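**Q** Below is the file model.csv, with CSV, C-alpha atoms.
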chain,number,residue,atom,x,y,z
M,1,MET,CA,-63.7,12.1,-38.6
M,2,VAL,CA,-65.5,10.7,-35.6
M,3,LYS,CA,-64.0,11.3,-32.1
M,4,GLN,CA,-62.8,7.7,-31.6
M,5,GLU,CA,-60.9,7.6,-34.9
M,6,ARG,CA,-59.2,10.9,-34.1
M,7,ALA,CA,-58.2,9.5,-30.6
M,8,VAL,CA,-56.7,6.4,-32.2
M,9,ARG,CA,-54.7,8.5,-34.6
M,10,THR,CA,-53.5,10.8,-31.9
M,11,ARG,CA,-52.4,7.9,-29.8
M,12,ARG,CA,-50.5,6.4,-32.7
M,13,THR,CA,-48.8,9.8,-33.5
M,14,VAL,CA,-47.7,10.1,-29.8
M,15,LEU,CA,-46.4,6.5,-29.8
M,16,GLU,CA,-44.4,7.1,-33.0
M,17,ALA,CA,-43.0,10.3,-31.5
M,18,ALA,CA,-42.0,8.4,-28.4
M,19,ALA,CA,-40.3,5.7,-30.4
M,20,HIS,CA,-38.4,8.4,-32.4
M,21,VAL,CA,-37.3,10.3,-29.3
M,22,ILE,CA,-36.4,7.2,-27.3
M,23,GLY,CA,-34.6,5.7,-30.3
M,24,ALA,CA,-32.5,8.9,-30.6
M,25,ARG,CA,-31.8,9.8,-27.0
M,26,GLY,CA,-32.3,6.6,-25.1
M,27,TYR,CA,-34.9,5.8,-22.4
M,28,GLN,CA,-33.1,7.9,-19.7
M,29,GLY,CA,-32.5,10.8,-22.1
M,30,ALA,CA,-36.1,11.0,-23.4
M,31,THR,CA,-38.5,13.4,-21.8
M,32,ILE,CA,-42.3,13.8,-22.1
M,33,ALA,CA,-41.6,17.4,-23.2
M,34,LYS,CA,-39.5,16.3,-26.2
M,35,ILE,CA,-42.1,13.7,-27.1
M,36,ILE,CA,-44.9,16.2,-27.0
M,37,GLN,CA,-42.8,18.6,-29.2
M,38,ARG,CA,-42.1,15.9,-31.7
M,39,ALA,CA,-45.7,14.7,-31.8
M,40,GLY,CA,-47.0,18.2,-32.4
M,41,VAL,CA,-50.0,17.6,-30.2
M,42,THR,CA,-51.2,19.2,-27.0
M,43,LYS,CA,-49.9,18.2,-23.6
M,44,GLY,CA,-53.4,17.2,-22.7
M,45,ALA,CA,-53.7,14.9,-25.7
M,46,VAL,CA,-50.6,13.0,-24.6
M,47,TYR,CA,-51.6,12.7,-21.0
M,48,PHE,CA,-55.1,11.6,-22.1
M,49,HIS,CA,-53.5,8.5,-23.5
M,50,PHE,CA,-50.4,8.0,-21.4
M,51,ARG,CA,-49.9,8.9,-17.8
M,52,SER,CA,-46.1,8.8,-17.8
M,53,LYS,CA,-42.9,8.1,-19.8
M,54,ASP,CA,-43.0,4.6,-18.3
M,55,ALA,CA,-46.5,4.1,-19.7
M,56,LEU,CA,-45.4,5.3,-23.1
M,57,ALA,CA,-42.4,2.9,-23.1
M,58,ARG,CA,-44.6,0.0,-22.1
M,59,ALA,CA,-46.9,0.8,-25.0
M,60,VAL,CA,-44.0,0.9,-27.5
M,61,ILE,CA,-42.8,-2.5,-26.2
M,62,GLU,CA,-46.3,-4.0,-26.3
M,63,GLU,CA,-47.1,-2.9,-29.8
M,64,GLN,CA,-43.7,-3.6,-31.4
M,65,THR,CA,-44.7,-7.1,-32.4
M,66,ASP,CA,-48.1,-6.0,-33.9
M,67,PRO,CA,-47.0,-5.5,-37.5
M,68,PHE,CA,-45.4,-8.9,-37.7
M,69,VAL,CA,-47.4,-11.8,-39.0
M,70,PRO,CA,-45.2,-14.9,-39.2
M,71,PRO,CA,-45.7,-16.8,-42.5
M,72,VAL,CA,-47.6,-20.2,-42.3
M,73,SER,CA,-46.4,-22.9,-44.7
M,74,ASP,CA,-46.0,-26.7,-44.5
M,75,SER,CA,-42.6,-26.2,-42.9
M,76,ARG,CA,-43.0,-24.3,-39.6
M,77,LEU,CA,-39.2,-24.3,-39.0
M,78,GLN,CA,-38.8,-22.5,-42.3
M,79,ASP,CA,-41.5,-20.1,-41.3
M,80,ALA,CA,-39.5,-19.4,-38.1
M,81,ILE,CA,-36.4,-18.7,-40.1
M,82,ASP,CA,-38.2,-16.4,-42.6
M,83,PHE,CA,-39.9,-14.6,-39.7
M,84,SER,CA,-36.5,-14.0,-38.0
M,85,HIS,CA,-35.2,-12.5,-41.2
M,86,GLN,CA,-38.3,-10.3,-41.6
M,87,VAL,CA,-37.7,-8.9,-38.1
M,88,ALA,CA,-34.0,-8.4,-38.8
M,89,LEU,CA,-34.7,-6.3,-41.9
M,90,ALA,CA,-37.3,-4.3,-40.0
M,91,LEU,CA,-34.8,-3.7,-37.1
M,92,ARG,CA,-32.7,-1.7,-39.5
M,93,SER,CA,-35.5,0.8,-40.3
M,94,ASP,CA,-38.5,0.5,-38.0
M,95,PRO,CA,-38.3,3.2,-35.2
M,96,MET,CA,-40.8,1.3,-33.0
M,97,LEU,CA,-38.7,-1.9,-33.1
M,98,GLN,CA,-35.5,0.0,-32.5
M,99,ALA,CA,-36.9,1.9,-29.6
M,100,GLY,CA,-38.3,-1.3,-28.2
M,101,THR,CA,-34.9,-2.9,-28.2
M,102,ARG,CA,-33.3,0.1,-26.7
M,103,ILE,CA,-35.9,0.4,-23.9
M,104,ALA,CA,-35.5,-3.4,-23.1
M,105,VAL,CA,-31.8,-3.2,-22.9
M,106,GLU,CA,-31.5,0.0,-21.1
M,107,THR,CA,-34.0,-0.9,-18.4
M,108,THR,CA,-32.5,-4.4,-17.9
M,109,PHE,CA,-30.4,-3.1,-15.0
M,110,THR,CA,-33.0,-1.1,-13.3
M,111,GLU,CA,-35.4,-2.1,-10.5
M,112,GLU,CA,-38.3,-2.7,-12.9
M,113,PRO,CA,-37.1,-4.0,-16.3
M,114,LEU,CA,-39.7,-3.4,-19.0
M,115,VAL,CA,-39.1,-6.8,-20.5
M,116,PRO,CA,-40.4,-7.2,-24.0
M,117,TYR,CA,-39.0,-10.7,-24.6
M,118,GLN,CA,-42.2,-12.5,-23.6
M,119,ALA,CA,-44.2,-11.5,-26.7
M,120,TRP,CA,-41.4,-12.7,-29.0
M,121,THR,CA,-41.0,-15.9,-26.9
M,122,ASP,CA,-44.7,-16.6,-27.2
M,123,ILE,CA,-44.6,-16.2,-31.0
M,124,MET,CA,-41.6,-18.6,-31.3
M,125,THR,CA,-43.1,-21.1,-28.9
M,126,ALA,CA,-46.3,-21.3,-31.0
M,127,ILE,CA,-44.2,-21.9,-34.2
M,128,PHE,CA,-41.9,-24.5,-32.6
M,129,THR,CA,-45.0,-26.3,-31.1
M,130,ASP,CA,-46.5,-26.6,-34.6
M,131,ALA,CA,-43.1,-27.8,-35.9
M,132,GLN,CA,-43.1,-30.5,-33.2
M,133,SER,CA,-46.5,-31.7,-34.3
M,134,ASN,CA,-45.2,-31.8,-37.9
M,135,GLY,CA,-42.3,-34.0,-36.9
M,136,GLU,CA,-39.8,-31.3,-37.7
M,137,LEU,CA,-38.1,-31.1,-34.3
M,138,LEU,CA,-35.7,-33.6,-32.7
M,139,PRO,CA,-37.4,-35.6,-30.0
M,140,ALA,CA,-35.4,-34.0,-27.2
M,141,VAL,CA,-36.4,-30.4,-28.1
M,142,ALA,CA,-39.0,-28.7,-25.9
M,143,PRO,CA,-40.7,-25.9,-27.9
M,144,ASP,CA,-41.0,-23.5,-25.0
M,145,ARG,CA,-37.3,-23.9,-23.9
M,146,ALA,CA,-36.1,-23.7,-27.5
M,147,ALA,CA,-38.1,-20.5,-28.0
M,148,GLU,CA,-36.6,-18.9,-24.9
M,149,PHE,CA,-33.1,-19.9,-26.0
M,150,PHE,CA,-33.7,-18.6,-29.5
M,151,VAL,CA,-35.1,-15.2,-28.4
M,152,ALA,CA,-32.2,-14.7,-26.0
M,153,ALA,CA,-29.6,-15.7,-28.6
M,154,TYR,CA,-31.3,-13.4,-31.2
M,155,LEU,CA,-31.2,-10.5,-28.8
M,156,GLY,CA,-27.4,-11.0,-28.4
M,157,VAL,CA,-26.9,-11.4,-32.1
M,158,GLN,CA,-28.6,-8.1,-32.9
M,159,LEU,CA,-26.7,-6.2,-30.1
M,160,TYR,CA,-23.4,-7.7,-31.4
M,161,SER,CA,-24.4,-6.6,-34.9
M,162,HIS,CA,-25.4,-3.2,-33.8
M,163,ALA,CA,-22.0,-2.7,-32.1
M,164,ALA,CA,-20.0,-4.2,-34.9
M,165,SER,CA,-21.7,-2.7,-38.0
M,166,ASN,CA,-24.7,-0.6,-36.9
M,167,ARG,CA,-26.8,-3.6,-37.9
M,168,ALA,CA,-25.5,-3.7,-41.5
M,169,ASP,CA,-24.4,-7.4,-41.1
M,170,LEU,CA,-27.5,-8.4,-39.2
M,171,PRO,CA,-29.0,-10.7,-42.0
M,172,GLU,CA,-25.7,-12.6,-42.2
M,173,ARG,CA,-25.5,-13.0,-38.4
M,174,VAL,CA,-29.1,-14.2,-38.3
M,175,THR,CA,-28.3,-16.8,-41.0
M,176,ALA,CA,-25.2,-17.9,-38.9
M,177,LEU,CA,-27.5,-18.1,-35.8
M,178,TRP,CA,-29.7,-20.6,-37.7
M,179,ARG,CA,-26.7,-22.5,-39.2
M,180,HIS,CA,-25.4,-23.1,-35.6
M,181,THR,CA,-28.7,-23.9,-34.0
M,182,LEU,CA,-30.7,-25.9,-36.6
M,183,PRO,CA,-28.7,-29.1,-36.1
M,184,GLY,CA,-29.8,-29.1,-32.5
M,185,LEU,CA,-33.4,-28.3,-33.3
M,186,ALA,CA,-34.5,-30.0,-36.6
M,187,SER,CA,-35.0,-33.7,-37.3
M,188,PRO,CA,-32.5,-34.9,-40.0
M,189,GLY,CA,-35.3,-35.1,-42.6
M,190,ALA,CA,-36.4,-31.5,-41.9
M,191,LEU,CA,-32.9,-30.2,-41.7
M,192,SER,CA,-31.9,-31.1,-45.2
M,193,ARG,CA,-34.8,-29.1,-46.6
M,194,LEU,CA,-34.3,-25.8,-44.6
M,195,ASP,CA,-32.7,-22.7,-45.9
M,196,PRO,CA,-31.1,-20.7,-43.0
M,197,GLN,CA,-31.0,-17.6,-45.3
M,198,GLY,CA,-34.8,-17.5,-45.5
M,199,ARG,CA,-37.0,-18.3,-48.5
M,200,SER,CA,-37.1,-14.7,-49.6
M,201,ARG,CA,-34.8,-11.8,-49.0
M,202,LYS,CA,-37.9,-9.5,-49.4
M,203,VAL,CA,-39.6,-8.1,-46.3
M,204,ALA,CA,-43.0,-9.7,-46.1
M,205,ALA,CA,-44.2,-7.4,-43.3
J,1,MET,CA,6.0,0.1,-0.3
J,2,VAL,CA,7.8,1.4,-3.3
J,3,LYS,CA,6.3,4.1,-5.4
J,4,GLN,CA,5.4,1.8,-8.3
J,5,GLU,CA,3.6,-0.8,-6.2
J,6,ARG,CA,1.6,2.0,-4.6
J,7,ALA,CA,0.6,3.3,-8.0
J,8,VAL,CA,-0.6,-0.2,-9.1
J,9,ARG,CA,-2.7,-0.5,-6.0
J,10,THR,CA,-4.2,2.9,-6.4
J,11,ARG,CA,-5.1,2.2,-10.0
J,12,ARG,CA,-6.8,-1.0,-9.0
J,13,THR,CA,-8.7,0.7,-6.2
J,14,VAL,CA,-9.9,3.4,-8.6
J,15,LEU,CA,-11.0,0.7,-11.2
J,16,GLU,CA,-12.9,-1.3,-8.5
J,17,ALA,CA,-14.6,1.9,-7.4
J,18,ALA,CA,-15.5,2.7,-11.0
J,19,ALA,CA,-16.9,-0.8,-11.5
J,20,HIS,CA,-19.0,-0.5,-8.3
J,21,VAL,CA,-20.4,3.0,-9.2
J,22,ILE,CA,-21.1,2.1,-12.8
J,23,GLY,CA,-22.6,-1.2,-11.8
J,24,ALA,CA,-25.0,0.6,-9.4
J,25,ARG,CA,-25.9,3.7,-11.4
J,26,GLY,CA,-25.2,2.8,-15.0
J,27,TYR,CA,-22.7,4.4,-17.3
J,28,GLN,CA,-24.7,7.6,-17.8
J,29,GLY,CA,-25.5,7.9,-14.1
J,30,ALA,CA,-21.9,7.4,-12.9
J,31,THR,CA,-19.8,10.5,-12.3
J,32,ILE,CA,-16.1,10.9,-11.7
J,33,ALA,CA,-16.9,12.6,-8.4
J,34,LYS,CA,-18.9,9.6,-7.2
J,35,ILE,CA,-16.0,7.3,-8.2
J,36,ILE,CA,-13.4,9.4,-6.4
J,37,GLN,CA,-15.6,9.4,-3.3
J,38,ARG,CA,-16.0,5.6,-3.4
J,39,ALA,CA,-12.3,5.0,-4.0
J,40,GLY,CA,-11.3,7.2,-1.1
J,41,VAL,CA,-8.3,8.6,-2.9
J,42,THR,CA,-7.5,12.1,-4.1
J,43,LYS,CA,-8.8,13.6,-7.3
J,44,GLY,CA,-5.2,14.0,-8.5
J,45,ALA,CA,-4.6,10.2,-8.0
J,46,VAL,CA,-7.6,9.4,-10.1
J,47,TYR,CA,-6.6,11.8,-12.9
J,48,PHE,CA,-3.0,10.5,-12.8
J,49,HIS,CA,-4.3,7.1,-14.0
J,50,PHE,CA,-7.4,8.0,-16.0
J,51,ARG,CA,-8.2,11.1,-17.9
J,52,SER,CA,-12.0,10.7,-18.1
J,53,LYS,CA,-15.0,8.5,-17.2
J,54,ASP,CA,-14.6,7.1,-20.8
J,55,ALA,CA,-11.0,6.1,-20.1
J,56,LEU,CA,-12.1,4.4,-16.8
J,57,ALA,CA,-14.9,2.6,-18.6
J,58,ARG,CA,-12.5,1.4,-21.3
J,59,ALA,CA,-10.1,0.1,-18.6
J,60,VAL,CA,-12.9,-1.8,-16.8
J,61,ILE,CA,-13.8,-3.4,-20.1
J,62,GLU,CA,-10.2,-4.2,-21.0
J,63,GLU,CA,-9.4,-5.8,-17.7
J,64,GLN,CA,-12.6,-7.8,-17.1
J,65,THR,CA,-11.3,-10.9,-18.9
J,66,ASP,CA,-8.0,-10.9,-16.9
J,67,PRO,CA,-9.0,-13.1,-14.0
J,68,PHE,CA,-10.3,-15.8,-16.3
J,69,VAL,CA,-8.0,-18.6,-17.4
J,70,PRO,CA,-9.8,-21.1,-19.5
J,71,PRO,CA,-9.0,-24.7,-18.5
J,72,VAL,CA,-6.9,-26.8,-20.8
J,73,SER,CA,-7.7,-30.5,-21.2
J,74,ASP,CA,-7.8,-33.1,-24.0
J,75,SER,CA,-11.3,-31.9,-24.9
J,76,ARG,CA,-11.2,-28.2,-25.9
J,77,LEU,CA,-15.0,-28.1,-26.4
J,78,GLN,CA,-15.5,-29.3,-22.8
J,79,ASP,CA,-13.0,-26.6,-21.8
J,80,ALA,CA,-15.2,-24.0,-23.6
J,81,ILE,CA,-18.2,-25.3,-21.8
J,82,ASP,CA,-16.5,-25.2,-18.4
J,83,PHE,CA,-15.1,-21.7,-19.1
J,84,SER,CA,-18.6,-20.4,-20.0
J,85,HIS,CA,-19.9,-21.7,-16.7
J,86,GLN,CA,-17.0,-20.1,-14.8
J,87,VAL,CA,-17.9,-16.8,-16.3
J,88,ALA,CA,-21.6,-17.3,-15.6
J,89,LEU,CA,-21.0,-17.9,-11.9
J,90,ALA,CA,-18.6,-14.9,-11.8
J,91,LEU,CA,-21.3,-12.7,-13.5
J,92,ARG,CA,-23.5,-13.2,-10.5
J,93,SER,CA,-21.0,-11.7,-8.1
J,94,ASP,CA,-18.0,-10.0,-9.8
J,95,PRO,CA,-18.6,-6.2,-9.9
J,96,MET,CA,-16.0,-5.7,-12.7
J,97,LEU,CA,-17.7,-8.2,-14.9
J,98,GLN,CA,-21.2,-6.8,-14.2
J,99,ALA,CA,-20.0,-3.3,-14.8
J,100,GLY,CA,-18.4,-4.4,-18.1
J,101,THR,CA,-21.6,-5.9,-19.3
J,102,ARG,CA,-23.6,-2.8,-18.3
J,103,ILE,CA,-21.1,-0.4,-20.1
J,104,ALA,CA,-21.2,-2.6,-23.2
J,105,VAL,CA,-24.9,-2.7,-23.4
J,106,GLU,CA,-25.6,0.9,-22.4
J,107,THR,CA,-23.1,2.3,-24.9
J,108,THR,CA,-24.2,0.1,-27.8
J,109,PHE,CA,-26.6,2.8,-29.0
J,110,THR,CA,-24.2,5.7,-28.7
J,111,GLU,CA,-21.9,7.1,-31.3
J,112,GLU,CA,-18.9,5.3,-29.9
J,113,PRO,CA,-19.8,1.9,-28.5
J,114,LEU,CA,-17.2,0.7,-26.0
J,115,VAL,CA,-17.4,-2.8,-27.4
J,116,PRO,CA,-15.9,-5.5,-25.1
J,117,TYR,CA,-17.0,-8.5,-27.2
J,118,GLN,CA,-13.6,-8.7,-29.0
J,119,ALA,CA,-11.7,-10.0,-26.0
J,120,TRP,CA,-14.2,-12.8,-25.3
J,121,THR,CA,-14.4,-13.6,-29.1
J,122,ASP,CA,-10.6,-14.0,-29.2
J,123,ILE,CA,-10.6,-16.4,-26.3
J,124,MET,CA,-13.4,-18.5,-27.8
J,125,THR,CA,-11.7,-18.4,-31.2
J,126,ALA,CA,-8.5,-19.8,-29.7
J,127,ILE,CA,-10.4,-22.6,-28.0
J,128,PHE,CA,-12.5,-23.6,-31.0
J,129,THR,CA,-9.3,-23.5,-33.2
J,130,ASP,CA,-7.7,-26.1,-30.9
J,131,ALA,CA,-10.9,-28.1,-30.9
J,132,GLN,CA,-10.8,-28.1,-34.7
J,133,SER,CA,-7.2,-29.4,-34.6
J,134,ASN,CA,-8.4,-32.1,-32.2
J,135,GLY,CA,-11.0,-33.2,-34.6
J,136,GLU,CA,-13.8,-32.2,-32.2
J,137,LEU,CA,-15.6,-29.8,-34.6
J,138,LEU,CA,-17.9,-30.7,-37.5
J,139,PRO,CA,-16.1,-30.1,-40.8
J,140,ALA,CA,-18.4,-27.1,-41.8
J,141,VAL,CA,-17.7,-25.1,-38.6
J,142,ALA,CA,-15.3,-22.1,-38.9
J,143,PRO,CA,-13.8,-21.4,-35.4
J,144,ASP,CA,-13.9,-17.6,-35.7
J,145,ARG,CA,-17.5,-17.5,-37.0
J,146,ALA,CA,-18.5,-20.0,-34.4
J,147,ALA,CA,-16.8,-17.9,-31.7
J,148,GLU,CA,-18.6,-14.7,-32.8
J,149,PHE,CA,-21.9,-16.5,-32.8
J,150,PHE,CA,-21.3,-18.0,-29.4
J,151,VAL,CA,-20.3,-14.7,-27.7
J,152,ALA,CA,-23.3,-12.9,-29.2
J,153,ALA,CA,-25.7,-15.7,-28.1
J,154,TYR,CA,-24.1,-15.7,-24.6
J,155,LEU,CA,-24.6,-12.0,-24.3
J,156,GLY,CA,-28.3,-12.4,-25.1
J,157,VAL,CA,-28.7,-15.3,-22.7
J,158,GLN,CA,-27.2,-13.4,-19.8
J,159,LEU,CA,-29.4,-10.3,-20.5
J,160,TYR,CA,-32.5,-12.5,-20.8
J,161,SER,CA,-31.5,-14.2,-17.5
J,162,HIS,CA,-30.9,-10.8,-15.8
J,163,ALA,CA,-34.3,-9.6,-16.8
J,164,ALA,CA,-36.1,-12.9,-16.0
J,165,SER,CA,-34.4,-13.8,-12.7
J,166,ASN,CA,-31.7,-11.3,-11.8
J,167,ARG,CA,-29.3,-13.9,-13.2
J,168,ALA,CA,-30.4,-16.7,-10.7
J,169,ASP,CA,-31.2,-19.0,-13.6
J,170,LEU,CA,-28.0,-18.2,-15.6
J,171,PRO,CA,-26.3,-21.5,-15.1
J,172,GLU,CA,-29.4,-23.4,-16.4
J,173,ARG,CA,-29.6,-21.0,-19.4
J,174,VAL,CA,-25.9,-21.5,-20.3
J,175,THR,CA,-26.5,-25.2,-20.2
J,176,ALA,CA,-29.5,-24.8,-22.5
J,177,LEU,CA,-27.3,-22.7,-24.8
J,178,TRP,CA,-24.8,-25.5,-25.1
J,179,ARG,CA,-27.5,-28.2,-25.5
J,180,HIS,CA,-29.0,-26.2,-28.4
J,181,THR,CA,-25.7,-25.4,-30.1
J,182,LEU,CA,-23.4,-28.4,-29.6
J,183,PRO,CA,-25.1,-30.5,-32.2
J,184,GLY,CA,-24.1,-27.8,-34.8
J,185,LEU,CA,-20.6,-27.5,-33.5
J,186,ALA,CA,-19.3,-30.9,-32.3
J,187,SER,CA,-18.4,-34.0,-34.4
J,188,PRO,CA,-20.6,-37.0,-33.4
J,189,GLY,CA,-17.8,-38.7,-31.6
J,190,ALA,CA,-17.0,-35.6,-29.5
J,191,LEU,CA,-20.7,-34.8,-28.9
J,192,SER,CA,-21.4,-38.0,-27.0
J,193,ARG,CA,-18.6,-37.3,-24.5
J,194,LEU,CA,-19.5,-33.6,-23.7
J,195,ASP,CA,-21.3,-32.5,-20.6
J,196,PRO,CA,-23.2,-29.2,-21.3
J,197,GLN,CA,-23.5,-28.6,-17.5
J,198,GLY,CA,-19.7,-28.4,-17.2
J,199,ARG,CA,-17.4,-30.8,-15.5
J,200,SER,CA,-17.6,-29.1,-12.2
J,201,ARG,CA,-20.0,-26.6,-10.7
J,202,LYS,CA,-17.2,-25.1,-8.7
J,203,VAL,CA,-15.7,-21.8,-9.9
J,204,ALA,CA,-12.2,-22.6,-11.1
J,205,ALA,CA,-11.3,-18.9,-11.4
Mind converting the file's structure to structure tokens?
**A**
Amino acid sequence: MVKQERAVRTRRTVLEAAAHVIGARGYQGATIAKIIQRAGVTKGAVYFHFRSKDALARAVIEEQTDPFVPPVSDSRLQDAIDFSHQVALALRSDPMLQAGTRIAVETTFTEEPLVPYQAWTDIMTAIFTDAQSNGELLPAVAPDRAAEFFVAAYLGVQLYSHAASNRADLPERVTALWRHTLPGLASPGALSRLDPQGRSRKVAA
Amino acid sequence: MVKQERAVRTRRTVLEAAAHVIGARGYQGATIAKIIQRAGVTKGAVYFHFRSKDALARAVIEEQTDPFVPPVSDSRLQDAIDFSHQVALALRSDPMLQAGTRIAVETTFTEEPLVPYQAWTDIMTAIFTDAQSNGELLPAVAPDRAAEFFVAAYLGVQLYSHAASNRADLPERVTALWRHTLPGLASPGALSRLDPQGRSRKVAA
């Protein structure tokens, strides 16, 4: 294995360890020492890639959207729905995603929030912009504003679901989110063809 | 001052101190010692009312909805809108409300979430049920499900606003929440008469 490959692997191992420790203990409770222990690498290897717990947390947040490739079909609104269900299923098992949410929420009230909402908002803005070009949106809907609203509402829905059922009811709550918001987003012609439960219950990620 | 009055006042003083300390340091960072110091009362007086930090946090959550009396007019959906704007304005200044949010969010990921969403959901369910009787809701809308969705979405919107602008843009984001959700809630006749910005920008609480 060449040096660079090994470095990439070590970086990934450390990130996964950080996600695990932060997911279990929270951002305040996580320590670099625990992360090093979990990763099973040397202290030097960790500090080679990340200078601090803050840098590790930022990397977890930046990379949490990486595995998700939203579907592309002739209905971009249906793609948005399917994408949100993919993420909902992953939120129940993906430590990187769970850690990202926890970091986001726990640092909201600190001086420097590590805000991860922008990456999700950019993805949704791109999809809604395509939907607008396709004539799927109501004329009054602005794709960027709709995306900000949707990401915010989705954040609340997943926290509510976490508190209510440890995320067991998240798919139903995501469906309800779409049922309540699609009439304010979709043109009447598009609306009648959309399935708020998603085209497939399978994880496409 | 009779004994009982004094006890009620002391209890309130301790609760306000707890809200202040938790609002500033977070639930994990707050200690009973700091709360006692802030309240300026004896340790015995605090423990007379509250057995633990957990009991204090629960009381903050239980009492945060108390000062809010939703308006009652012939449009219950407009009442819901106005109420949500009242709460948004209060969230920018009321330490009890800010502490309640912080406790809710920070304990979401622990073994025993101190979930405060039920009280808000009950208030919204009551308003939406009246709106249904008035004929203001679309036939497919279930008041309790709509209330759960709304409270969850509102939670996300206020966290997003906190991270984006320290809640400066919260009124605009609450208006956007209603613009995006009213078409899925309100009957066409009701929809045309509703103002998502609220009837008055003044705090009615």
**Q** Calculate how many Å separate CA of Ala24 (chain M) from CA of Ser161 (chain M), rounding to one decimal.
**A**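 Calculated distance between CA of Ala24 (chain M) and CA of Ser161 (chain M) is 18.0 Å.
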**Q** Once you count only C-alpha atoms, which residues of chain M turn out to be within 10 Å of chain J? Could you give them as a PyMOL selection string?
**A** chain M and resi 23-26+28-29+98+102+104-118+140-141+145-146+148-164+166+173-174+176-185
**Q** What do you get for the Cα RMSD if chain M is superposed onto chain J using all Cα atoms in their order?
**A**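 The C-alpha RMSD comes to 0.1 Å.
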**Q** Could you tell me how far CA of Ala18 (chain J) sits from CA of Phe68 (chain J), in Å to one decimal place?
**A**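 About the pair CA of Phe68 (chain J) and CA of Ala18 (chain J): they are 19.9 Å apart.
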**Q** Is it possible to get the residues within 12 Å of (-35.3, -22.2, -39.4) (coordinates as in the file, counting all atoms listed in the file) written as a ChimeraX atom specification?
**A** /M:75-85,124,127-128,131,136-137,147,150,174-187,190-199
**Q** Could you write out the selected residues, including C-alpha atoms, as a short mmCIF file (atom, residue, chain, number, x, y, z; two decimals), keeping the file's coordinate frame?
**A**
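Wrote it out as again_39.cif, contents follow:
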data_model
loop_
_atom_site.label_atom_id
_atom_site.label_comp_id
_atom_site.auth_asym_id
_atom_site.auth_seq_id
_atom_site.Cartn_x
_atom_site.Cartn_y
_atom_site.Cartn_z
CA SER M 75 -42.60 -26.20 -42.90
CA ARG M 76 -43.00 -24.30 -39.60
CA LEU M 77 -39.20 -24.30 -39.00
CA GLN M 78 -38.80 -22.50 -42.30
CA ASP M 79 -41.50 -20.10 -41.30
CA ALA M 80 -39.50 -19.40 -38.10
CA ILE M 81 -36.40 -18.70 -40.10
CA ASP M 82 -38.20 -16.40 -42.60
CA PHE M 83 -39.90 -14.60 -39.70
CA SER M 84 -36.50 -14.00 -38.00
CA HIS M 85 -35.20 -12.50 -41.20
CA MET M 124 -41.60 -18.60 -31.30
CA ILE M 127 -44.20 -21.90 -34.20
CA PHE M 128 -41.90 -24.50 -32.60
CA ALA M 131 -43.10 -27.80 -35.90
CA GLU M 136 -39.80 -31.30 -37.70
CA LEU M 137 -38.10 -31.10 -34.30
CA ALA M 147 -38.10 -20.50 -28.00
CA PHE M 150 -33.70 -18.60 -29.50
CA VAL M 174 -29.10 -14.20 -38.30
CA THR M 175 -28.30 -16.80 -41.00
CA ALA M 176 -25.20 -17.90 -38.90
CA LEU M 177 -27.50 -18.10 -35.80
CA TRP M 178 -29.70 -20.60 -37.70
CA ARG M 179 -26.70 -22.50 -39.20
CA HIS M 180 -25.40 -23.10 -35.60
CA THR M 181 -28.70 -23.90 -34.00
CA LEU M 182 -30.70 -25.90 -36.60
CA PRO M 183 -28.70 -29.10 -36.10
CA GLY M 184 -29.80 -29.10 -32.50
CA LEU M 185 -33.40 -28.30 -33.30
CA ALA M 186 -34.50 -30.00 -36.60
CA SER M 187 -35.00 -33.70 -37.30
CA ALA M 190 -36.40 -31.50 -41.90
CA LEU M 191 -32.90 -30.20 -41.70
CA SER M 192 -31.90 -31.10 -45.20
CA ARG M 193 -34.80 -29.10 -46.60
CA LEU M 194 -34.30 -25.80 -44.60
CA ASP M 195 -32.70 -22.70 -45.90
CA PRO M 196 -31.10 -20.70 -43.00
CA GLN M 197 -31.00 -17.60 -45.30
CA GLY M 198 -34.80 -17.50 -45.50
CA ARG M 199 -37.00 -18.30 -48.50
#
**Q** Mind giving me the straight-line distance from CA of Val87 (chain M) to CA of Val21 (chain M) in Å, one decimal?
**A** 21.1 Å
**Q** Would you list the residues near (-4.8, 10.6, -8.7) (no more than 12 Å away, in the coordinates of the file, using only C-alpha atoms) as a short mmCIF file (atom, residue, chain, number, x, y, z; two decimals) with C-alpha atoms, keeping the file's coordinate frame?
**A**
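Saved file part-v7.cif follows:
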data_model
loop_
_atom_site.label_atom_id
_atom_site.label_comp_id
_atom_site.auth_asym_id
_atom_site.auth_seq_id
_atom_site.Cartn_x
_atom_site.Cartn_y
_atom_site.Cartn_z
CA ARG J 6 1.60 2.00 -4.60
CA ALA J 7 0.60 3.30 -8.00
CA VAL J 8 -0.60 -0.20 -9.10
CA ARG J 9 -2.70 -0.50 -6.00
CA THR J 10 -4.20 2.90 -6.40
CA ARG J 11 -5.10 2.20 -10.00
CA ARG J 12 -6.80 -1.00 -9.00
CA THR J 13 -8.70 0.70 -6.20
CA VAL J 14 -9.90 3.40 -8.60
CA LEU J 15 -11.00 0.70 -11.20
CA ILE J 32 -16.10 10.90 -11.70
CA ILE J 35 -16.00 7.30 -8.20
CA ILE J 36 -13.40 9.40 -6.40
CA ALA J 39 -12.30 5.00 -4.00
CA GLY J 40 -11.30 7.20 -1.10
CA VAL J 41 -8.30 8.60 -2.90
CA THR J 42 -7.50 12.10 -4.10
CA LYS J 43 -8.80 13.60 -7.30
CA GLY J 44 -5.20 14.00 -8.50
CA ALA J 45 -4.60 10.20 -8.00
CA VAL J 46 -7.60 9.40 -10.10
CA TYR J 47 -6.60 11.80 -12.90
CA PHE J 48 -3.00 10.50 -12.80
CA HIS J 49 -4.30 7.10 -14.00
CA PHE J 50 -7.40 8.00 -16.00
CA ARG J 51 -8.20 11.10 -17.90
CA SER J 52 -12.00 10.70 -18.10
#
